[in-house]
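Visitor: Before we start, here is the structure in question, set down as structure tokens.
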Amino acid sequence: MVLKNINLSKVPFELLVLMARIIFPKYRFKWHELDWWECEKFNLFLKKFDNYKKFNDDRFWGLSELLRLVRYVEGDTAECGVYRGASSALICSENQQSSFRKIHCVFDSFEGLSDPKAVDGAHWQLGDLACSLDETKKNLSDFSDIEYYKGWIPARFKDVEARKFSFVHIDVDCSG
């Protein structure tokens, strides 16, 4: 077997691509999609929120990339459905990089999910994903310029109807 034109440092990646093409023939596997694996700042964030090497890693990376697009857009930010505050931490971190002062609005019942309906499936139960307001505030204590809106989310929108937003992250799991 001739190996003269093979870059041995890329062999594990090439094997991964080959396996991916066998398992998912239509998937377009590209290395830049995995750059976040070695981003030290991002991995520290994942570890802080106990998400390192879990199923939401790529979702958080995608959110952080979207936030870069609005760094220099005027307007506040918000998250609807906060749980422990991980996504809000990403949003607030990016807000700190902005040339505009941005207030981050946190909307959550802090009581967990409302009573799931049949359309929501059988996975969730009433109260799942509950996290107290105090725990969320503790998780976001590194950031200022946060306003908390406790209650069922749509009922609290009237409190911010005069504001302009540059980014709103909606992360709700059930109808209610």
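Chain lettering (A, B, ...) mirrors the order of the structure tokens, residue numbering begins at 1 for each chain separately, and ligand numbering begins at 1 in order of display.
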Write down as a count of residues only the residues belonging to region 50-147 of chain A that are assigned alpha helix (DSSP H) by DSSP computed on the backbone.
Guide: 32
Visitor: List as a PyMOL selection string the protein and nucleic acid residues near Val70 (chain A), meaning an atom at most 10 Å away when only C-alpha atoms are counted, but skip any in the same chain fewer than 6 places from it.
Guide: chain A and resi 77+94-95+98+166-167
Visitor: For Val82 (chain A), list every protein, DNA or RNA residue within 10 Å, evaluated using only C-alpha atoms, and leave out those in the same chain fewer than 5 positions away; present the list as a PyMOL selection string.
Guide: chain A and resi 87-89+106-110+112+129-131+133+136+169-172
Visitor: Compile the contact shell of region 40-47 of chain A as a ChimeraX atom specification: residues with an atom at most 8 Å away, counting only C-alpha atoms, same-chain residues fewer than 5 positions apart removed.
Guide: /A:52,57,61
Visitor: Which value, in Å to one decimal, gives the distance between CA of Lys138 (chain A) and CA of Arg84 (chain A)?
Guide: 9.3 Å
